[in-house]
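Undergrad: File structure_19.txt follows (compact mmCIF, C-alpha atoms):
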# COMPACT_ATOMS: atom_id res chain seq x y z
CA MET A 28 -0.79 -0.90 0.93
CA GLU A 29 -0.92 -3.35 3.71
CA PHE A 30 -1.35 -6.82 2.22
CA THR A 31 0.94 -9.17 0.43
CA LEU A 32 -0.05 -9.19 -3.20
CA LEU A 33 -1.02 -12.81 -3.53
CA GLY A 34 -3.70 -13.10 -0.86
CA ALA A 35 -5.41 -9.86 -1.77
CA ALA A 36 -5.09 -10.53 -5.51
CA LEU A 37 -6.69 -13.96 -5.16
CA THR A 38 -9.67 -12.72 -3.17
CA GLY A 39 -9.93 -9.68 -5.44
CA ALA A 40 -10.00 -11.89 -8.54
CA PHE A 41 -12.55 -14.15 -6.84
CA GLY A 42 -14.70 -11.10 -6.06
CA ALA A 43 -14.61 -10.02 -9.71
CA TRP A 44 -15.42 -13.56 -10.85
CA LEU A 45 -18.35 -13.67 -8.44
CA GLY A 46 -19.50 -10.25 -9.63
CA LEU A 47 -19.62 -11.45 -13.24
CA ARG A 48 -21.83 -14.33 -12.13
CA LEU A 49 -24.46 -12.15 -10.52
CA PRO A 50 -27.59 -12.90 -12.60
CA ALA A 51 -28.14 -9.29 -13.67
CA VAL A 52 -24.51 -8.87 -14.72
CA ARG A 53 -24.06 -12.28 -16.34
CA LYS A 54 -26.75 -11.67 -18.92
CA ARG A 55 -25.37 -8.31 -20.02
CA ALA A 56 -21.71 -9.35 -19.78
CA ALA A 57 -22.32 -11.99 -22.47
CA SER A 58 -21.89 -9.25 -25.08
CA ILE A 59 -18.37 -8.44 -23.84
CA GLU A 60 -15.41 -10.52 -24.93
CA ARG A 61 -13.61 -12.16 -21.97
CA PRO A 62 -14.80 -9.71 -19.28
CA TRP A 63 -13.00 -11.46 -16.40
CA ASP A 64 -9.67 -11.30 -18.26
CA VAL A 65 -10.24 -7.59 -18.86
CA LEU A 66 -10.95 -6.88 -15.17
CA VAL A 67 -8.01 -8.92 -13.88
CA GLY A 68 -5.70 -7.43 -16.53
CA ALA A 69 -6.68 -3.87 -15.59
CA ALA A 70 -6.20 -4.67 -11.89
CA ALA A 71 -2.75 -6.19 -12.53
CA ILE A 72 -1.66 -3.14 -14.54
CA GLY A 73 -2.98 -0.94 -11.72
CA VAL A 74 -1.07 -2.77 -8.97
CA PHE A 75 2.13 -2.82 -11.06
CA SER A 76 1.88 0.90 -11.85
CA GLY A 77 1.10 1.76 -8.24
CA ARG A 78 4.09 -0.22 -7.03
CA VAL A 79 6.50 1.38 -9.55
CA PHE A 80 5.19 4.85 -8.67
CA GLU A 81 5.63 4.15 -4.96
CA MET A 82 9.21 2.97 -5.58
CA ILE A 83 10.06 6.12 -7.51
CA ILE A 84 8.69 8.48 -4.87
CA SER A 85 10.53 6.44 -2.18
CA GLY A 86 13.82 6.96 -4.02
CA VAL A 87 14.20 3.34 -5.19
CA ASN A 88 15.08 3.03 -8.89
CA PRO A 89 12.91 0.27 -10.46
CA LEU A 90 15.50 -0.30 -13.20
CA THR A 91 18.39 -0.95 -10.83
CA ASN A 92 16.20 -2.79 -8.29
CA PRO A 93 13.75 -4.71 -10.50
CA PHE A 94 13.05 -7.42 -7.92
CA ASP A 95 11.79 -4.79 -5.52
CA ILE A 96 8.69 -4.48 -7.71
CA ILE A 97 7.33 -7.74 -6.32
CA LEU A 98 7.72 -6.52 -2.73
CA VAL A 99 4.22 -5.11 -2.70
CA ARG A 100 4.17 -4.84 1.08
CA GLY A 101 6.80 -2.18 0.56
CA GLY A 102 3.97 -0.02 -0.71
CA VAL A 103 1.59 0.48 -3.64
CA ASP A 104 0.45 4.02 -4.35
CA THR A 105 -3.35 3.76 -4.24
CA VAL A 106 -4.01 6.79 -6.41
CA ALA A 107 -1.54 5.78 -9.14
CA ALA A 108 -2.87 2.20 -9.08
CA SER A 109 -6.49 3.34 -9.39
CA VAL A 110 -5.75 5.81 -12.21
CA ALA A 111 -3.77 3.16 -14.14
CA ALA A 112 -6.49 0.50 -13.71
CA LEU A 113 -9.26 2.90 -14.75
CA ALA A 114 -7.23 4.20 -17.71
CA THR A 115 -6.67 0.61 -18.85
CA LEU A 116 -10.39 -0.12 -18.71
CA VAL A 117 -11.25 3.08 -20.59
CA TRP A 118 -8.61 2.28 -23.23
CA MET A 119 -9.87 -1.28 -23.66
CA PHE A 120 -13.47 -0.11 -24.10
CA ARG A 121 -12.73 3.12 -25.92
CA SER A 122 -15.05 2.17 -28.77
CA ASP A 123 -17.88 1.13 -26.42
CA LEU A 124 -17.64 2.94 -23.09
CA GLY A 125 -21.13 1.68 -22.20
CA ALA A 126 -19.54 -1.70 -21.44
CA LEU A 127 -18.03 -0.13 -18.32
CA ASP A 128 -21.54 0.00 -16.82
CA VAL A 129 -21.81 -3.77 -17.18
CA LEU A 130 -18.44 -4.39 -15.51
CA ALA A 131 -18.81 -1.78 -12.75
CA PRO A 132 -20.54 -4.05 -10.15
CA ALA A 133 -18.00 -6.83 -10.78
CA ALA A 134 -15.13 -4.35 -10.43
CA LEU A 135 -16.59 -3.14 -7.14
CA LEU A 136 -16.91 -6.73 -5.90
CA GLY A 137 -13.29 -7.30 -6.95
CA LEU A 138 -12.31 -4.30 -4.84
CA ALA A 139 -14.33 -5.75 -1.95
CA GLY A 140 -12.35 -8.98 -2.39
CA TRP A 141 -9.08 -7.02 -2.35
CA HIS A 142 -10.03 -5.53 1.03
CA ALA A 143 -11.20 -8.92 2.34
CA GLY A 144 -7.72 -10.19 1.42
CA CYS A 145 -6.68 -8.90 4.84
CA LEU A 146 -7.96 -12.21 6.23
CA TRP A 147 -5.01 -13.95 4.58
CA THR A 148 -2.41 -11.81 6.29
CA GLY A 149 -4.07 -10.76 9.55
CA SER A 150 -4.10 -7.09 8.63
CA CYS A 151 -7.84 -6.46 8.94
CA LEU A 152 -7.69 -4.48 12.16
CA GLY A 153 -7.49 -0.72 12.42
CA THR A 154 -7.64 1.87 15.14
CA ALA A 155 -8.73 1.13 18.71
CA THR A 156 -12.44 1.22 19.51
CA GLY A 157 -14.64 1.22 22.60
CA TYR A 158 -17.43 -0.66 20.80
CA ASP A 159 -18.26 -4.24 21.78
CA TRP A 160 -17.68 -5.57 18.28
CA GLY A 161 -13.96 -4.72 18.32
CA PHE A 162 -11.38 -7.46 17.67
CA THR A 163 -8.00 -7.75 19.37
CA LEU A 164 -4.60 -8.54 17.92
CA PRO A 165 -3.05 -11.81 19.18
CA GLY A 166 -1.52 -11.18 22.60
CA SER A 167 -3.25 -7.81 22.98
CA THR A 168 -6.22 -6.64 25.03
CA ILE A 169 -7.01 -3.55 22.94
CA PRO A 170 -10.23 -3.89 20.88
CA ARG A 171 -9.88 -2.58 17.34
CA HIS A 172 -12.09 -1.87 14.34
CA ALA A 173 -12.12 -4.59 11.66
CA THR A 174 -11.64 -1.73 9.18
CA GLU A 175 -10.92 -3.71 6.02
CA LEU A 176 -13.92 -5.98 6.61
CA TYR A 177 -16.18 -2.95 7.02
CA ALA A 178 -14.91 -1.66 3.66
CA ALA A 179 -15.35 -5.07 2.01
CA ALA A 180 -18.93 -5.41 3.31
CA ALA A 181 -19.91 -1.89 2.21
CA LEU A 182 -18.45 -2.38 -1.27
CA GLY A 183 -20.17 -5.77 -1.58
CA VAL A 184 -23.60 -4.30 -0.78
CA LEU A 185 -23.05 -1.35 -3.16
CA ALA A 186 -21.97 -3.73 -5.93
CA VAL A 187 -25.24 -5.67 -5.66
CA VAL A 188 -27.25 -2.41 -5.66
CA LEU A 189 -25.47 -1.33 -8.87
CA THR A 190 -26.63 -4.43 -10.73
CA ARG A 191 -30.06 -2.81 -11.10
CA PRO A 192 -30.49 -1.35 -14.59
CA GLN A 193 -29.38 2.28 -14.72
CA ARG A 194 -29.09 5.08 -17.22
CA PRO A 195 -25.89 5.15 -19.30
CA PHE A 196 -22.71 5.71 -17.24
CA THR A 197 -24.67 5.79 -13.98
CA ALA A 198 -23.30 2.45 -12.76
CA THR A 199 -19.75 3.47 -13.77
CA GLY A 200 -19.99 6.83 -12.00
CA LEU A 201 -21.64 5.40 -8.89
CA ALA A 202 -19.06 2.62 -8.68
CA LEU A 203 -16.23 5.17 -8.75
CA ALA A 204 -18.01 7.39 -6.23
CA SER A 205 -18.75 4.39 -3.99
CA ALA A 206 -15.14 3.23 -4.04
CA GLY A 207 -13.95 6.72 -3.08
CA ALA A 208 -16.66 7.21 -0.43
CA VAL A 209 -16.04 3.85 1.26
CA ARG A 210 -12.30 4.49 1.32
CA ALA A 211 -12.76 8.02 2.69
CA ALA A 212 -15.25 6.84 5.34
CA THR A 213 -12.99 4.03 6.59
CA GLN A 214 -9.70 5.96 6.34
CA PRO A 215 -9.96 7.46 9.85
CA MET A 216 -10.18 3.88 11.16
CA ARG A 217 -6.87 2.89 9.53
CA PRO A 218 -3.67 3.36 11.53
CA SER A 219 -1.54 5.63 9.40
CA LEU A 220 1.45 7.91 9.60
CA THR A 221 0.36 10.24 6.83
CA GLY A 222 -3.45 10.03 6.94
CA GLY A 223 -3.51 8.59 3.42
CA PRO A 224 -4.58 10.36 0.23
CA PHE A 225 -7.92 11.44 1.75
CA TRP A 226 -8.48 14.24 -0.78
CA ALA A 227 -7.96 11.82 -3.66
CA TYR A 228 -10.76 9.64 -2.27
CA LEU A 229 -13.07 12.65 -2.10
CA GLY A 230 -11.92 13.52 -5.64
CA ALA A 231 -13.08 10.08 -6.80
CA VAL A 232 -16.51 10.76 -5.29
CA VAL A 233 -16.79 14.09 -7.13
CA ILE A 234 -15.61 12.65 -10.46
CA GLY A 235 -17.96 9.66 -10.06
CA LEU A 236 -20.94 11.91 -9.42
CA ALA A 237 -19.93 14.11 -12.38
CA ILE A 238 -19.96 11.01 -14.61
CA VAL A 239 -23.47 10.18 -13.33
CA ALA A 240 -24.61 13.73 -14.10
CA ILE A 241 -23.12 13.55 -17.61
CA GLY A 242 -24.91 10.24 -18.18
CA ARG A 243 -28.21 11.86 -17.22
CA MET A 244 -27.83 14.80 -19.59
CA PRO A 245 -30.24 14.59 -22.54
CA ARG A 246 -28.64 13.50 -25.79
CA ARG A 247 -28.97 15.25 -29.11
CA GLY A 248 -32.27 14.46 -30.71
CA GLN A 249 -33.93 13.80 -27.40
CA PRO A 250 -36.78 16.08 -26.30
CA GLY A 251 -35.62 19.34 -24.72
CA VAL A 252 -32.40 19.65 -26.73
CA SER A 253 -32.31 22.16 -29.54
CA ARG A 254 -30.19 21.46 -32.57
CA VAL A 255 -27.69 24.11 -33.47
CA ARG A 256 -26.63 24.36 -37.04
CA MET B 18 7.94 3.07 -34.89
CA ARG B 19 10.58 0.80 -33.33
CA SER B 20 13.07 3.65 -32.92
CA ARG B 21 10.37 5.71 -31.20
CA LEU B 22 9.74 2.85 -28.80
CA ILE B 23 13.47 2.49 -28.02
CA LEU B 24 13.77 6.25 -27.50
CA SER B 25 10.75 6.21 -25.20
CA ILE B 26 12.22 3.38 -23.11
CA LEU B 27 15.57 5.21 -22.89
CA ALA B 28 13.86 8.44 -21.86
CA PHE B 29 11.84 6.58 -19.23
CA GLY B 30 15.02 4.98 -17.89
CA LEU B 31 16.73 8.36 -17.68
CA VAL B 32 13.81 9.81 -15.74
CA LEU B 33 13.86 6.88 -13.32
CA GLY B 34 17.62 7.11 -12.98
CA ALA B 35 17.30 10.74 -11.99
CA CYS B 36 14.98 9.76 -9.15
CA THR B 37 17.74 8.27 -7.00
CA ASP B 38 21.06 9.67 -5.92
CA PRO B 39 23.79 7.13 -6.69
CA ASP B 40 26.49 9.55 -5.51
CA ALA B 41 25.13 9.89 -2.00
CA GLN B 42 28.05 10.38 0.35
CA PRO B 43 28.34 9.01 3.88
CA SER B 44 27.35 11.39 6.63
CA ALA B 45 30.12 13.14 8.53
CA GLY B 46 29.45 11.13 11.69
CA ALA B 47 30.64 7.52 11.66
CA LEU B 48 28.17 4.78 12.60
CA PRO B 49 28.89 3.74 16.23
CA VAL B 50 29.89 0.10 16.57
CA THR B 51 27.90 -1.98 19.06
CA ASP B 52 27.88 -5.57 20.36
CA SER B 53 25.17 -7.70 21.91
CA GLU B 54 26.04 -6.80 25.51
CA GLU B 55 26.06 -3.06 24.84
CA PHE B 56 22.90 -3.27 22.80
CA GLN B 57 21.08 -5.28 25.46
CA GLU B 58 21.98 -2.57 27.98
CA LEU B 59 20.80 0.15 25.61
CA LEU B 60 17.35 -1.47 25.36
CA ALA B 61 17.13 -2.20 29.08
CA ASP B 62 18.00 1.39 30.01
CA SER B 63 15.47 2.98 27.67
CA GLU B 64 12.50 4.63 29.35
CA SER B 65 10.66 5.02 26.02
CA PRO B 66 9.10 2.35 23.83
CA MET B 67 11.37 1.49 20.92
CA VAL B 68 11.25 0.44 17.29
CA VAL B 69 14.40 -1.52 16.47
CA ASN B 70 15.07 -2.12 12.79
CA LEU B 71 17.83 -4.44 11.55
CA TRP B 72 18.99 -3.64 8.04
CA ALA B 73 21.86 -3.85 5.53
CA SER B 74 22.73 -1.64 2.59
CA TRP B 75 22.66 -4.59 0.13
CA CYS B 76 19.16 -5.67 1.24
CA ILE B 77 16.59 -4.55 -1.33
CA PRO B 78 13.55 -4.67 0.99
CA CYS B 79 15.53 -2.54 3.48
CA ARG B 80 15.71 0.14 0.79
CA SER B 81 11.93 0.02 0.45
CA GLU B 82 11.27 0.60 4.12
CA ALA B 83 14.07 3.09 4.89
CA PRO B 84 12.04 6.17 3.78
CA LEU B 85 9.06 4.90 5.80
CA LEU B 86 11.11 4.52 8.98
CA THR B 87 12.57 7.99 8.50
CA GLU B 88 9.06 9.42 8.09
CA ALA B 89 7.79 7.46 11.11
CA HIS B 90 10.65 8.84 13.20
CA ARG B 91 9.91 12.36 11.98
CA GLN B 92 6.30 12.04 13.11
CA LEU B 93 6.54 9.86 16.20
CA GLY B 94 10.12 10.36 17.35
CA GLY B 95 8.89 12.34 20.36
CA GLU B 96 6.99 9.35 21.75
CA VAL B 97 8.93 6.38 20.43
CA ARG B 98 12.66 5.82 20.14
CA PHE B 99 13.76 4.57 16.72
CA ILE B 100 16.96 2.51 16.59
CA GLY B 101 18.54 1.13 13.44
CA VAL B 102 21.17 -1.60 13.44
CA ALA B 103 23.22 -2.20 10.30
CA THR B 104 24.39 -5.79 10.26
CA GLU B 105 26.12 -8.18 7.84
CA ASP B 106 27.43 -5.11 6.04
CA SER B 107 30.56 -3.00 5.62
CA GLN B 108 30.67 0.12 7.73
CA VAL B 109 31.34 2.37 4.71
CA ASP B 110 28.34 1.00 2.80
CA ALA B 111 26.14 1.25 5.87
CA GLU B 112 27.11 4.89 6.41
CA ALA B 113 26.42 5.66 2.73
CA PHE B 114 22.97 4.06 3.16
CA VAL B 115 22.21 6.25 6.19
CA ALA B 116 23.23 9.33 4.19
CA GLU B 117 21.32 8.29 1.05
CA PHE B 118 18.03 7.96 2.91
CA SER B 119 18.74 10.82 5.33
CA MET B 120 17.98 8.53 8.25
CA THR B 121 17.71 10.92 11.16
CA PHE B 122 17.22 8.37 13.94
CA GLU B 123 20.04 6.70 15.88
CA ASN B 124 21.83 3.92 14.00
CA TYR B 125 24.48 1.44 15.11
CA PHE B 126 26.85 -0.91 13.32
CA ASP B 127 26.79 -4.59 14.31
CA ARG B 128 30.26 -5.52 13.09
CA THR B 129 30.26 -9.21 14.04
CA GLY B 130 26.54 -9.98 13.63
CA GLU B 131 26.14 -10.83 17.33
CA VAL B 132 23.35 -8.26 17.88
CA LYS B 133 21.39 -9.90 15.08
CA ALA B 134 21.94 -13.36 16.62
CA TRP B 135 21.10 -12.18 20.16
CA ILE B 136 17.90 -10.38 19.28
CA GLY B 137 16.63 -13.30 17.21
CA SER B 138 16.52 -11.92 13.70
CA LEU B 139 16.19 -14.67 11.08
CA GLY B 140 16.84 -12.44 8.08
CA LEU B 141 16.80 -8.85 6.91
CA PRO B 142 14.98 -6.62 7.37
CA THR B 143 13.46 -7.37 10.77
CA THR B 144 11.65 -4.85 12.95
CA PHE B 145 11.17 -5.30 16.69
CA PHE B 146 8.70 -3.34 18.80
CA VAL B 147 10.18 -3.10 22.26
CA ALA B 148 8.59 -1.90 25.50
CA PRO B 149 10.52 0.38 27.91
CA GLY B 150 12.97 -1.85 29.77
CA GLY B 151 13.74 -4.02 26.78
CA GLU B 152 10.83 -6.48 26.51
CA ILE B 153 10.22 -7.39 22.86
CA VAL B 154 6.47 -7.04 22.33
CA SER B 155 6.22 -8.02 18.67
CA THR B 156 8.41 -8.77 15.68
CA VAL B 157 7.84 -8.19 11.98
CA PHE B 158 10.04 -10.32 9.73
CA GLY B 159 10.52 -8.90 6.24
CA VAL B 160 9.59 -5.53 4.86
CA ILE B 161 7.20 -3.51 7.00
CA ASP B 162 4.48 -1.21 5.65
CA GLU B 163 3.07 2.07 6.92
CA ARG B 164 -0.09 0.47 8.24
CA ARG B 165 1.70 -2.19 10.27
CA ILE B 166 4.24 0.20 11.76
CA ALA B 167 1.46 2.62 12.80
CA LEU B 168 -0.58 -0.25 14.29
CA GLU B 169 2.32 -1.74 16.25
CA ILE B 170 3.38 1.66 17.60
CA ASP B 171 -0.22 2.31 18.67
CA GLU B 172 -0.16 -1.02 20.55
CA LEU B 173 3.16 -0.08 22.20
CA LEU B 174 1.91 3.33 23.31
CA ARG B 175 -1.35 1.95 24.73
CA ARG B 176 0.28 -0.74 26.87
Would you write out, as structure tokens, the structure that this file holds?

TA:
Amino acid sequence: MEFTLLGAALTGAFGAWLGLRLPAVRKRAASIERPWDVLVGAAAIGVFSGRVFEMIISGVNPLTNPFDIILVRGGVDTVAASVAALATLVWMFRSDLGALDVLAPAALLGLAGWHAGCLWTGSCLGTATGYDWGFTLPGSTIPRHATELYAAAALGVLAVVLTRPQRPFTATGLALASAGAVRAATQPMRPSLTGGPFWAYLGAVVIGLAIVAIGRMPRRGQPGVSRVR
Amino acid sequence: MRSRLILSILAFGLVLGACTDPDAQPSAGALPVTDSEEFQELLADSESPMVVNLWASWCIPCRSEAPLLTEAHRQLGGEVRFIGVATEDSQVDAEAFVAEFSMTFENYFDRTGEVKAWIGSLGLPTTFFVAPGGEIVSTVFGVIDERRIALEIDELLRR
């Protein structure tokens, strides 16, 4: 994870707030109690979990070095953070999982805001490019991809598309698949030592599409489904 | 219910405690002592680009980035020279730190703190990206992340 927490968290929270104010979302979100609090809470739990996980795998004991938890630039495990945030959302809406469809576009806009948080810390640029639209680091002459801004723009567009009414769980599944696909597509443009958890991003796409397929399966009592006694 | 919660917290703590090695012993080789003059020469004589990291064993952010620097050296050590400088520290603690994180790149001990003063480090950790010949190209104050280290090394190699 490449940003300080504060800048990315602020733009991420702003993105989620903006997402909840999209006309199509606002109307449906009225039935959910404090949706913005839920989204921000899930994101905070995700970042915290991802940071603790990263500390453990780096050999730093969170109990003996508790202040290290706030050093988010030291690393947040993306996969652990995403799983924790999603698990929190599922737990919060366990009695009404359909509410996830309402929040999905706002969550995606929040993620777009998190990526756009690179503007606060000057960490938007990625690998070198020969294209004219490349940006250079201060004092450098090497044009580079504005990788995080590409990701933010793609997620923003997908979030707006997902506000259109869908079948149950379609928006949730597509949001997860979109997040994974955008991350996988932009990953080669991020300077990295390890290549990042590329397979986890593809895994998110597969799981997201599986959720969409499950949402499209006919329910009991609907035409085409036989009842088994 | 409460006893279950306490037991769970204790079990979690034990698992976390097992993740680090508090008994890590110093490596057999002692950390070579350096001063500003020697260190300046070392940078000037280098024909490879360098990543110079100033650290101390008591510095919590340094603990966060130590595994990253070791991994970066493992992957890019053929193209870039990684140099660690332990400063404002005791030599025994610094050697234990090197052993604990299995830091495989060259490390020196700045006994008097003059290397830190000469190179212009304001605090710890600080990472300098240095061109062959000793010109400091960029400086990262505070903990460095994987993305930034990969980006700065890419800049160094493309100069």

Undergrad: List the neighbours of Leu139 of chain B out to 10 Å using all atoms listed in the file; skip same-chain residues closer than 4 positions along the sequence, and give me the result as a VMD selection string.

TA: chain B and resid 133 to 134 143 158 to 159

Undergrad: Please identify all residues of chain A having at least one atom at most 10 Å from any atom of chain B, considering only C-alpha atoms, and return them as JSON, numbers by chain.

TA: {"A": [28, 29, 30, 79, 81, 82, 83, 84, 85, 86, 87, 88, 89, 90, 91, 92, 93, 94, 95, 96, 98, 99, 100, 101, 102, 103, 150, 152, 153, 154, 155, 164, 166, 167, 168, 169, 217, 218, 219, 220, 221, 223]}

Undergrad: What's around Ala237 of chain A at 10 Å? Count all atoms listed in the file, leave out sequence neighbours fewer than 3 positions away in its own chain, and write the answer as a list in words.

TA: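 Answer for this query is Thr197, Gly200, Leu201, Ala204, Ala231, Val232, Val233, Ile234, Ala240, Ile241, Gly242 and Arg243 of chain A.
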
Undergrad: Excluding same-chain residues fewer than 3 positions from segment 51-61 of chain B, what lies within 9 Å of it counting only C-alpha atoms, as a list in words?

TA: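 The neighbour list is Glu64, Met67, Val102, Tyr125, Phe126, Asp127, Arg128, Thr129, Gly130, Glu131, Val132, Lys133, Ala134, Trp135, Ile136, Val147, Ala148, Pro149, Gly150, Gly151 and Glu152 of chain B.
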
Undergrad: Calculated over all atoms listed in the file, which of the candidates A:Pro195, A:Gly222, A:Gly157, A:Gly68 has the smallest distance to Ile238 of chain A?

TA: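 Of A:Pro195, A:Gly222, A:Gly157, A:Gly68, the one nearest Ile238 of chain A, counting all atoms listed in the file, is A:Pro195.
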